[in-house]
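Engineer: This is protein_24.cif, which holds mmCIF, C-alpha atoms:
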```
data_start
#
loop_
_atom_site.label_atom_id
_atom_site.label_comp_id
_atom_site.auth_asym_id
_atom_site.auth_seq_id
_atom_site.Cartn_x
_atom_site.Cartn_y
_atom_site.Cartn_z
CA MET A 2 -5.73 1.44 18.06
CA LEU A 3 -3.89 3.89 15.86
CA ARG A 4 -1.67 6.43 17.61
CA LEU A 5 -0.35 9.27 15.53
CA ASP A 6 1.01 12.73 16.23
CA GLN A 7 -0.88 15.96 15.65
CA GLU A 8 1.46 17.14 12.88
CA THR A 9 0.88 13.97 10.84
CA TYR A 10 -2.87 14.11 11.46
CA ASP A 11 -2.94 17.70 10.22
CA ALA A 12 -0.81 16.84 7.17
CA ILE A 13 -3.18 14.04 6.11
CA VAL A 14 -6.22 16.29 6.50
CA ALA A 15 -4.52 19.13 4.60
CA HIS A 16 -3.66 16.78 1.74
CA ALA A 17 -7.24 15.51 1.56
CA ARG A 18 -8.61 19.07 1.47
CA ARG A 19 -6.08 20.20 -1.13
CA ASP A 20 -6.90 17.38 -3.57
CA HIS A 21 -10.67 17.53 -3.10
CA PRO A 22 -12.78 16.70 -5.15
CA ASP A 23 -10.28 14.04 -6.26
CA GLU A 24 -9.22 11.42 -3.77
CA ALA A 25 -5.89 12.02 -2.01
CA CYS A 26 -3.64 9.14 -0.95
CA GLY A 27 -0.35 8.39 0.73
CA VAL A 28 1.39 6.52 3.49
CA VAL A 29 2.95 7.23 6.85
CA ALA A 30 6.00 5.05 7.18
CA GLY A 31 7.55 4.02 10.46
CA PRO A 32 10.31 1.78 11.81
CA ALA A 33 9.52 -1.88 11.06
CA GLY A 34 7.73 -3.51 13.96
CA SER A 35 7.24 -0.25 15.88
CA ASP A 36 3.60 0.40 14.90
CA THR A 37 4.61 4.07 15.05
CA PRO A 38 3.88 6.23 11.99
CA THR A 39 6.67 8.80 11.79
CA ARG A 40 7.37 9.73 8.17
CA PHE A 41 4.54 11.33 6.18
CA VAL A 42 4.75 10.50 2.47
CA PRO A 43 1.98 12.00 0.34
CA MET A 44 1.59 10.21 -2.99
CA VAL A 45 0.15 11.26 -6.33
CA ASN A 46 -3.20 9.67 -7.11
CA ALA A 47 -2.34 8.26 -10.55
CA ALA A 48 -6.05 7.72 -11.18
CA GLY A 49 -6.77 11.44 -10.65
CA SER A 50 -10.34 10.55 -9.79
CA PRO A 51 -13.07 11.46 -7.29
CA THR A 52 -13.98 7.78 -6.92
CA PHE A 53 -10.69 5.87 -7.22
CA TYR A 54 -7.08 6.10 -6.11
CA GLU A 55 -3.96 4.25 -7.10
CA PHE A 56 -0.28 4.90 -6.44
CA ASP A 57 1.71 5.28 -9.64
CA SER A 58 3.56 1.99 -10.18
CA THR A 59 7.02 3.56 -10.56
CA GLU A 60 6.54 5.74 -7.47
CA LEU A 61 5.27 2.70 -5.58
CA LEU A 62 8.50 0.85 -6.29
CA GLN A 63 10.61 3.86 -5.26
CA LEU A 64 8.62 4.17 -2.03
CA TYR A 65 9.06 0.51 -1.09
CA LYS A 66 12.78 0.53 -1.91
CA GLU A 67 13.19 3.63 0.21
CA MET A 68 11.30 2.04 3.11
CA ASP A 69 13.38 -1.11 2.72
CA ASP A 70 16.64 0.89 2.88
CA ARG A 71 15.44 2.63 6.03
CA ASP A 72 14.06 -0.56 7.62
CA GLU A 73 10.58 0.93 7.58
CA GLU A 74 7.12 -0.33 6.73
CA PRO A 75 3.87 1.37 5.73
CA VAL A 76 2.31 1.82 9.17
CA VAL A 77 -0.56 3.92 7.79
CA ILE A 78 -2.05 3.87 4.30
CA TYR A 79 -4.46 6.76 3.92
CA HIS A 80 -6.88 7.99 1.30
CA SER A 81 -9.86 10.30 1.15
CA HIS A 82 -13.47 9.90 0.17
CA THR A 83 -14.79 13.13 -1.23
CA ALA A 84 -18.53 12.45 -1.47
CA THR A 85 -19.15 9.57 0.91
CA GLU A 86 -18.43 8.61 4.50
CA ALA A 87 -14.99 7.68 5.79
CA TYR A 88 -15.67 3.96 5.62
CA PRO A 89 -13.90 1.46 3.32
CA SER A 90 -15.74 0.89 0.04
CA ARG A 91 -16.16 -2.56 -1.46
CA THR A 92 -13.21 -1.71 -3.75
CA ASP A 93 -11.08 -0.63 -0.78
CA ILE A 94 -11.74 -3.95 0.90
CA ASN A 95 -11.08 -6.04 -2.21
CA LEU A 96 -7.81 -4.28 -2.98
CA ALA A 97 -6.40 -3.97 0.54
CA GLN A 98 -3.14 -5.93 0.39
CA GLU A 99 -1.16 -4.72 3.40
CA PRO A 100 -2.50 -6.77 6.31
CA GLY A 101 -0.20 -5.02 8.78
CA ALA A 102 -1.25 -1.46 7.91
CA HIS A 103 -3.72 0.89 9.52
CA TYR A 104 -6.03 1.99 6.71
CA VAL A 105 -7.00 5.61 7.39
CA LEU A 106 -10.03 7.09 5.64
CA VAL A 107 -10.70 10.83 5.62
CA SER A 108 -13.94 12.25 4.27
CA THR A 109 -14.02 15.77 2.89
CA ARG A 110 -17.67 15.55 1.85
CA GLU A 111 -18.69 18.36 4.24
CA GLY A 112 -15.92 20.90 3.99
CA GLY A 113 -14.44 20.22 0.56
CA ASN A 114 -11.29 22.27 0.02
CA ASN A 115 -12.03 24.44 3.04
CA GLU A 116 -11.59 24.33 6.75
CA GLY A 117 -14.45 22.57 8.39
CA PRO A 118 -15.35 19.22 9.81
CA VAL A 119 -13.69 16.13 8.41
CA GLU A 120 -14.24 12.52 9.33
CA PHE A 121 -10.97 10.76 10.20
CA ARG A 122 -11.28 7.04 10.89
CA SER A 123 -8.96 4.06 10.91
CA TYR A 124 -9.41 0.39 10.08
CA ARG A 125 -7.66 -2.92 9.82
CA ILE A 126 -8.53 -4.74 6.61
CA VAL A 127 -7.43 -8.39 6.62
CA ASP A 128 -8.77 -11.09 4.27
CA GLY A 129 -11.77 -8.96 3.37
CA GLU A 130 -12.68 -8.28 6.98
CA VAL A 131 -12.89 -4.69 8.20
CA THR A 132 -12.31 -3.80 11.85
CA GLU A 133 -12.58 -0.18 12.91
CA GLU A 134 -10.15 0.98 15.57
CA GLU A 135 -9.73 3.96 17.84
CA VAL A 136 -7.63 6.89 16.65
CA VAL A 137 -5.56 8.60 19.34
CA VAL A 138 -3.78 11.82 18.41
CA VAL A 139 -0.80 12.75 20.57
CA ASP A 140 1.13 16.03 20.64
CA ASN A 141 4.23 14.13 19.66
CA PHE A 142 5.66 10.70 20.29
CA GLU A 143 8.21 11.86 22.89
CA HIS A 144 5.47 13.23 25.13
CA SER A 145 2.80 10.73 24.47
CA GLU A 146 -0.03 12.28 26.50
CA PRO A 147 -3.18 12.32 24.38
CA ALA A 148 -3.88 15.67 22.74
CA ASP A 149 -7.32 17.17 23.20
CA ARG A 150 -8.58 15.72 19.91
CA SER A 151 -9.22 12.03 20.05
CA THR A 152 -11.81 10.17 18.05
CA PRO A 153 -13.68 7.24 19.49
CA MET B 18 20.32 -19.23 -13.88
CA ALA B 19 19.43 -17.56 -10.60
CA ILE B 20 17.04 -14.67 -10.31
CA GLU B 21 16.27 -12.97 -7.03
CA VAL B 22 12.58 -12.40 -6.43
CA ARG B 23 11.45 -10.00 -3.72
CA ILE B 24 8.24 -11.18 -2.07
CA PRO B 25 5.76 -8.71 -0.52
CA THR B 26 4.42 -9.22 3.01
CA ILE B 27 1.05 -10.51 1.85
CA LEU B 28 2.62 -13.35 -0.19
CA ARG B 29 5.18 -14.48 2.40
CA THR B 30 2.76 -17.10 3.62
CA TYR B 31 3.78 -18.97 0.45
CA THR B 32 7.53 -18.59 1.05
CA GLY B 33 7.71 -19.57 4.70
CA GLY B 34 8.10 -15.95 5.67
CA GLU B 35 11.06 -15.30 3.36
CA LYS B 36 11.30 -11.76 1.97
CA SER B 37 13.32 -12.93 -0.98
CA VAL B 38 13.66 -16.21 -2.87
CA THR B 39 15.60 -17.32 -5.91
CA ALA B 40 13.91 -18.76 -8.96
CA GLN B 41 14.70 -19.65 -12.55
CA GLY B 42 13.29 -19.00 -15.99
CA ASP B 43 14.19 -17.09 -19.13
CA SER B 44 10.81 -15.37 -19.21
CA LEU B 45 8.50 -14.04 -16.52
CA ALA B 46 5.97 -16.79 -17.34
CA LYS B 47 8.60 -19.48 -16.75
CA LEU B 48 9.83 -17.78 -13.61
CA ILE B 49 6.30 -17.84 -12.20
CA GLU B 50 5.97 -21.55 -13.04
CA ASP B 51 9.22 -22.17 -11.16
CA LEU B 52 7.96 -20.13 -8.21
CA GLU B 53 4.74 -22.16 -8.23
CA ALA B 54 6.70 -25.43 -8.20
CA ASN B 55 8.48 -24.40 -5.01
CA HIS B 56 5.77 -22.27 -3.42
CA PRO B 57 2.42 -23.80 -4.42
CA GLY B 58 -0.45 -21.35 -4.59
CA ILE B 59 1.60 -18.27 -5.41
CA ARG B 60 0.84 -18.41 -9.14
CA GLU B 61 -2.84 -17.72 -8.64
CA ARG B 62 -2.01 -14.61 -6.63
CA LEU B 63 -0.03 -13.24 -9.58
CA ILE B 64 -1.98 -14.42 -12.60
CA ASP B 65 -5.68 -14.27 -13.40
CA GLY B 66 -6.49 -16.55 -16.32
CA GLU B 67 -3.82 -15.82 -18.92
CA ASP B 68 -2.74 -12.39 -17.69
CA LEU B 69 -0.99 -10.75 -14.82
CA ARG B 70 -3.39 -9.55 -12.17
CA ARG B 71 -4.34 -5.92 -12.60
CA PHE B 72 -3.54 -4.97 -9.00
CA VAL B 73 -0.23 -6.75 -8.59
CA ASN B 74 2.86 -5.00 -9.91
CA ILE B 75 5.93 -6.92 -11.01
CA TYR B 76 9.19 -5.18 -11.85
CA VAL B 77 12.31 -6.46 -13.58
CA ASN B 78 15.37 -4.39 -12.73
CA ASP B 79 13.09 -1.56 -11.58
CA GLU B 80 10.98 -1.54 -14.76
CA ASP B 81 7.27 -2.39 -14.60
CA VAL B 82 6.85 -5.59 -16.65
CA ARG B 83 3.78 -4.10 -18.32
CA PHE B 84 6.29 -2.09 -20.35
CA LEU B 85 8.47 -5.15 -21.00
CA GLY B 86 5.93 -7.48 -22.56
CA GLY B 87 4.18 -8.71 -19.42
CA LEU B 88 4.48 -12.47 -19.01
CA GLU B 89 6.65 -12.57 -22.15
CA ALA B 90 9.27 -10.30 -20.54
CA THR B 91 12.68 -11.94 -20.94
CA LEU B 92 14.93 -12.57 -17.97
CA SER B 93 18.67 -13.10 -17.63
CA ASP B 94 20.91 -14.45 -14.92
CA GLY B 95 21.32 -11.88 -12.18
CA ASP B 96 18.12 -9.95 -12.91
CA GLN B 97 16.17 -8.74 -9.93
CA VAL B 98 12.41 -9.21 -9.83
CA VAL B 99 10.24 -7.33 -7.35
CA ILE B 100 6.59 -8.14 -6.68
CA LEU B 101 4.50 -5.41 -5.06
CA PRO B 102 0.76 -5.29 -4.52
CA ALA B 103 -0.83 -2.14 -5.91
CA VAL B 104 -1.94 0.39 -3.33
CA ALA B 105 -5.35 1.30 -4.66
CA GLY B 106 -9.00 1.56 -3.78
CA GLY B 107 -12.15 3.50 -4.38
#
```
Could you render the structure from this file as structure tokens?
Structural biologist:
Amino acid sequence: MLRLDQETYDAIVAHARRDHPDEACGVVAGPAGSDTPTRFVPMVNAAGSPTFYEFDSTELLQLYKEMDDRDEEPVVIYHSHTATEAYPSRTDINLAQEPGAHYVLVSTREGGNNEGPVEFRSYRIVDGEVTEEEVVVVDNFEHSEPADRSTP
Amino acid sequence: MAIEVRIPTILRTYTGGEKSVTAQGDSLAKLIEDLEANHPGIRERLIDGEDLRRFVNIYVNDEDVRFLGGLEATLSDGDQVVILPAVAGG
């Protein structure tokens, strides 16, 4: 199960809509071992593509050094699909190299840049095996009652 | 010669869980051979045929080795090497 707060959920969706029709990508870092995504870090898609995403290699290094200094890890790695469903592609599965992360997929195929329905789903991807998990959105982590939007 | 090599989570199975190991070599190619000698299996995760894998990034003193000659990149005592898997997909 992935638990994240409403503000982070909204920030991921807003990023996906803004970058549509290109894929948007980023991470939500959190304290190591906490499984709690607290720090939203949108990244530039160096591929600038509607069908591929990749963090710029220099920015990737900066991000990991920063997380290391803060004793954080990438709790969530997110990206968008802009023409297909929010399910990991063959490429996503082959290139997934953070076995501890929640891989979040957002699809903007319906609403594009605009308000409207988005698919927001989360997966574990370990050794080529994909396991979907529940997404629970909470108001914030201090008051961890589920908000009214939760996705099965 | 001692060079610190930072190991990403996904490759720590080869280093007994260590986040960082020391290795030797005056080029990246030699450093990887030394890593392989002490942590068998790791070479194949870094190199595909004769080249570095496309979706693994290696940095020497914060510079991507693709800009330093790849496997030919020269190393000196005290350099820091960081290995990071690319974050990418389709």
Engineer: Residues near segment 110-121 of chain A, anyone? I mean within 8 Å using all atoms listed in the file, not counting same-chain ones fewer than 3 positions away, as a PyMOL selection string.
Structural biologist: chain A and resi 14+18-22+82-87+105-107+152
Engineer: Just need the residues of chain B within 7 Å of chain A, counting all atoms listed in the file, so spit them out as a PDB file with C-alpha atoms, keeping the file's coordinate frame.
Structural biologist:
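As written to disk, iface-v8.pdb reads:
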```pdb
ATOM      1  CA  ILE B  27       1.050 -10.510   1.850  1.00  0.00           C
ATOM      2  CA  PRO B 102       0.760  -5.290  -4.520  1.00  0.00           C
ATOM      3  CA  VAL B 104      -1.940   0.390  -3.330  1.00  0.00           C
ATOM      4  CA  ALA B 105      -5.350   1.300  -4.660  1.00  0.00           C
ATOM      5  CA  GLY B 106      -9.000   1.560  -3.780  1.00  0.00           C
ATOM      6  CA  GLY B 107     -12.150   3.500  -4.380  1.00  0.00           C
TER       7      GLY B 107
END
```
Engineer: List the residues matched by the PyMOL selection byres ((chain B and resi 97) around 10) in the displayed structure as a list in words, ordered by chain and then by residue number.
Structural biologist: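 For this structure, the PyMOL selection byres ((chain B and resi 97) around 10) captures Ala19, Ile20, Glu21, Val22, Arg23, Thr39, Tyr76, Val77, Asn78, Asp79, Leu92, Ser93, Asp94, Gly95, Asp96, Val98 and Val99 of chain B.
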Engineer: I'd like the residues picked by the PyMOL selection byres ((chain B and resi 63) around 10) written out as a PyMOL selection string, using the chain letters and numbers from the file.
Structural biologist: chain B and resi 28+49+58-62+64-66+68-75+100+102
Engineer: What is the atom CA of Phe84 of chain B to atom CA of Ser44 of chain B distance in Å?
Structural biologist: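 That distance, rounded to one decimal, is 14.1 Å.
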Engineer: Quick one: residues within 8 Å of Gly42 of chain B, only C-alpha atoms, excluding same-chain residues fewer than 4 positions away - as a PyMOL selection string?
Structural biologist: chain B and resi 18+46-48+51+92
Engineer: Show me as an MDAnalysis selection string the residues that reach within 6 Å of (6.3, 5.3, 6.4), counting all atoms listed in the file and using the file's own coordinates.
Structural biologist: chainID A and resid 28:31 40 74:76
Engineer: Determine the nearest neighbour of Leu88 of chain B from the options B:Glu67, B:Ile24, B:Thr30, B:Lys36, counting all atoms listed in the file.
Structural biologist: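 Of B:Glu67, B:Ile24, B:Thr30, B:Lys36, the one nearest Leu88 of chain B is B:Glu67, counting all atoms listed in the file.
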Engineer: One decimal, Å: what's the distance from atom CA of Ser37 of chain B over to atom CA of Phe41 of chain A, could you say?
Structural biologist: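 Taking atom CA of Ser37 of chain B and atom CA of Phe41 of chain A, their separation equals 26.8 Å.
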Engineer: Can you measure atom CA of Gly34 of chain A to atom CA of Ala102 of chain A for me? One decimal in Å is fine.
Structural biologist: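 Separating atom CA of Gly34 of chain A from atom CA of Ala102 of chain A is a distance of 11.0 Å.
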Engineer: To verify the selection step, state as number ranges by chain which residues the PyMOL selection byres ((chain A and resi 131-133) around 9) yields on this input.
Structural biologist: A: 2, 88-89, 94, 122-130, 134-135
Engineer: Kindly write N, CA and C atoms of segment 24-40 of chain B from the structure just given to a file, as an mmCIF file, in the first residue's frame.
Structural biologist:
```cif
data_model
loop_
_atom_site.group_PDB
_atom_site.id
_atom_site.type_symbol
_atom_site.label_atom_id
_atom_site.label_comp_id
_atom_site.auth_asym_id
_atom_site.auth_seq_id
_atom_site.Cartn_x
_atom_site.Cartn_y
_atom_site.Cartn_z
ATOM 1 N N ILE B 24 27.919 2.375 -3.933
ATOM 2 C CA ILE B 24 27.144 1.301 -4.551
ATOM 3 C C ILE B 24 25.643 1.585 -4.370
ATOM 4 N N PRO B 25 24.870 1.532 -5.449
ATOM 5 C CA PRO B 25 23.428 1.790 -5.294
ATOM 6 C C PRO B 25 22.713 0.591 -4.680
ATOM 7 N N THR B 26 21.544 0.841 -4.129
ATOM 8 C CA THR B 26 20.761 -0.195 -3.433
ATOM 9 C C THR B 26 20.696 -1.492 -4.230
ATOM 10 N N ILE B 27 20.398 -1.374 -5.524
ATOM 11 C CA ILE B 27 20.122 -2.582 -6.312
ATOM 12 C C ILE B 27 21.369 -3.450 -6.501
ATOM 13 N N LEU B 28 22.553 -2.896 -6.299
ATOM 14 C CA LEU B 28 23.785 -3.685 -6.469
ATOM 15 C C LEU B 28 24.414 -4.097 -5.141
ATOM 16 N N ARG B 29 23.754 -3.764 -4.040
ATOM 17 C CA ARG B 29 24.357 -4.091 -2.727
ATOM 18 C C ARG B 29 24.294 -5.571 -2.417
ATOM 19 N N THR B 30 23.525 -6.318 -3.190
ATOM 20 C CA THR B 30 23.550 -7.772 -3.019
ATOM 21 C C THR B 30 24.946 -8.306 -3.327
ATOM 22 N N TYR B 31 25.698 -7.574 -4.150
ATOM 23 C CA TYR B 31 27.056 -8.025 -4.511
ATOM 24 C C TYR B 31 28.103 -7.579 -3.477
ATOM 25 N N THR B 32 27.754 -6.632 -2.630
ATOM 26 C CA THR B 32 28.749 -6.077 -1.699
ATOM 27 C C THR B 32 28.387 -6.395 -0.246
ATOM 28 N N GLY B 33 27.564 -7.404 -0.068
ATOM 29 C CA GLY B 33 27.174 -7.774 1.295
ATOM 30 C C GLY B 33 26.426 -6.659 2.002
ATOM 31 N N GLY B 34 25.701 -5.865 1.211
ATOM 32 C CA GLY B 34 24.916 -4.792 1.813
ATOM 33 C C GLY B 34 25.654 -3.482 1.984
ATOM 34 N N GLU B 35 26.957 -3.472 1.687
ATOM 35 C CA GLU B 35 27.742 -2.244 1.888
ATOM 36 C C GLU B 35 27.338 -1.157 0.887
ATOM 37 N N LYS B 36 27.209 0.075 1.391
ATOM 38 C CA LYS B 36 26.861 1.209 0.541
ATOM 39 C C LYS B 36 28.073 1.750 -0.188
ATOM 40 N N SER B 37 29.239 1.386 0.301
ATOM 41 C CA SER B 37 30.457 1.955 -0.236
ATOM 42 C C SER B 37 31.572 0.935 -0.059
ATOM 43 N N VAL B 38 32.388 0.765 -1.110
ATOM 44 C CA VAL B 38 33.529 -0.147 -1.014
ATOM 45 C C VAL B 38 34.756 0.574 -1.568
ATOM 46 N N THR B 39 35.929 0.060 -1.285
ATOM 47 C CA THR B 39 37.109 0.636 -1.918
ATOM 48 C C THR B 39 37.620 -0.348 -2.966
ATOM 49 N N ALA B 40 38.171 0.235 -4.025
ATOM 50 C CA ALA B 40 38.692 -0.579 -5.120
ATOM 51 C C ALA B 40 39.901 0.138 -5.702
#
```
